[in-house]
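Scroll down for the structure; my scribbles are underneath it.
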Amino acid sequence: MSGTDLTPVPAQGKELLPTRIAAVIHGRIEDGTYPAGSVLPPRPRLVEELGVSRSTVDHACRALRERGLLVSVPGRGRGTVVVDPLNPPTGPEVLARRGEGACETWPGRGSTRDTVDRITAAVRKRIADGTYRPGRRIPSVAELAEEFDCRTWLAREAVDVLKGEGLLYSLRPKGHFVCPDVAGARNAVKTTRRLGGGE
């Protein structure tokens, strides 16, 4: 399958679809269809061109982000930028080419790790200062995703990190709650900060 092949991907082997779609997008990056610095087509266009679901395209792009080939920049009118893995952006900004030669500078804090870290740091701080009180429900994953201008799965990953630290627990279907042990929760926050995991 070539990088520019627009033939819809057959439905067989659905578990391999994200890998196959990642290979198609990677092929397009390598053959110059999507050069470094360019913005990937919007997700609906990729879904239509490749004949797969939105979640399949999202999984494929996530795999390419983890390999250092893409950077997602949150915010209206932005998107996913192709990156040269041998010369990745190192500063706080990403140069994105839109259209014919027009370049824009976008804030580069859109990597998945940075986004998860931003959410966890903010929630830790709110637990420590009493904004999120012990035993009380925190905003939903969807509300956190909206506040931090990110995908729901990133907010869910941040909540999972905080649950792993013992700061949050879940009660389905009610939501996520702050650990009722005030001292334990705050000590965990302090320990995390000492280890460099918070603001």
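In the structure tokens, chains take the letters A, B, ... in the order shown, each chain's residues start at 1, and ligands count up from 1 in the order shown.
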### Residue neighbourhood Phe177 in chain A, 10 Å, only C-alpha atoms, exclusion window fewer than 2 positions, as a ChimeraX atom specification
/A:132-140,163,167-171,174-175,179-180
### Message
Neighbouring residues of range 54-62 of chain A were defined as those with any atom within 10 Å, considering only C-alpha atoms; residues of the same chain fewer than 5 positions away were excluded. Please report them as JSON, numbers by chain.
### Response
{"A": [14, 15, 16, 17, 18, 19, 20, 21, 22, 23, 24, 25, 26, 40, 43, 44, 45, 46, 47, 48, 67, 68, 69, 70, 71, 72, 80, 111, 112]}
### Separation of CA of Arg113 in chain A from CA of Glu49 in chain A, in Å and rounded to one decimal
29.0 Å
### Query
When distances are computed from only C-alpha atoms, which of A:Gly27, A:Val141, A:Asn87, A:Arg172 shows the smallest separation from Asp160 in chain A?
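Nearest to Asp160 in chain A: A:Val141.
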### Thr152 in chain A environment, 12 Å, only C-alpha atoms, sequence neighbours closer than 2 positions dropped, as a ChimeraX atom specification
/A:58,112,115-116,119,140-150,154-159
### Message
as a PyMOL selection string, please: the residues near Ile29 in chain A (cut-off 12 Å, only C-alpha atoms, same-chain neighbours under 6 positions excluded).
### Response
chain A and resi 2-4+22-23+35-40+64+69-70+81-85
Restricted to N, CA and C atoms, what would the selected residues look like written as a compact mmCIF listing (two decimals), in the first residue's frame?
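Final output, again-v1.txt:
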```txt
# COMPACT_ATOMS: atom_id res chain seq x y z
N SER A 2 0.74 2.07 -0.98
CA SER A 2 1.61 3.24 -1.06
C SER A 2 1.12 4.34 -0.13
N GLY A 3 2.00 5.30 0.12
CA GLY A 3 1.66 6.38 1.03
C GLY A 3 0.53 7.25 0.53
N THR A 4 0.35 7.32 -0.78
CA THR A 4 -0.69 8.20 -1.32
C THR A 4 -1.94 7.44 -1.70
N ALA A 22 -1.82 4.02 10.20
CA ALA A 22 -0.58 4.69 10.57
C ALA A 22 0.46 4.52 9.46
N ALA A 23 0.51 3.33 8.86
CA ALA A 23 1.47 3.08 7.78
C ALA A 23 1.14 3.93 6.55
N PRO A 35 4.52 17.03 4.02
CA PRO A 35 5.91 17.34 4.40
C PRO A 35 6.00 17.86 5.83
N ALA A 36 7.21 17.81 6.38
CA ALA A 36 7.45 18.33 7.73
C ALA A 36 7.00 19.78 7.80
N GLY A 37 6.29 20.10 8.86
CA GLY A 37 5.76 21.45 9.05
C GLY A 37 4.35 21.63 8.54
N SER A 38 3.88 20.68 7.71
CA SER A 38 2.51 20.81 7.19
C SER A 38 1.50 20.33 8.22
N VAL A 39 0.26 20.77 8.04
CA VAL A 39 -0.81 20.38 8.93
C VAL A 39 -1.58 19.23 8.27
N LEU A 40 -1.79 18.15 9.02
CA LEU A 40 -2.55 17.03 8.47
C LEU A 40 -3.95 17.50 8.08
N LEU A 64 1.68 7.60 15.69
CA LEU A 64 2.69 8.41 14.99
C LEU A 64 3.21 9.54 15.88
N LEU A 69 6.55 11.70 14.97
CA LEU A 69 6.28 12.16 13.61
C LEU A 69 5.18 13.23 13.55
N LEU A 70 4.38 13.32 14.59
CA LEU A 70 3.28 14.29 14.63
C LEU A 70 3.27 14.99 15.98
N VAL A 81 0.40 18.68 13.39
CA VAL A 81 1.50 19.12 12.54
C VAL A 81 2.49 17.97 12.34
N VAL A 82 2.95 17.81 11.09
CA VAL A 82 3.97 16.81 10.77
C VAL A 82 5.32 17.32 11.25
N VAL A 83 6.07 16.45 11.90
CA VAL A 83 7.36 16.84 12.49
C VAL A 83 8.47 16.01 11.86
N ASP A 84 9.61 16.64 11.64
CA ASP A 84 10.80 15.90 11.21
C ASP A 84 11.40 15.26 12.46
N PRO A 85 11.37 13.92 12.58
CA PRO A 85 11.87 13.29 13.81
C PRO A 85 13.36 13.53 14.06
```
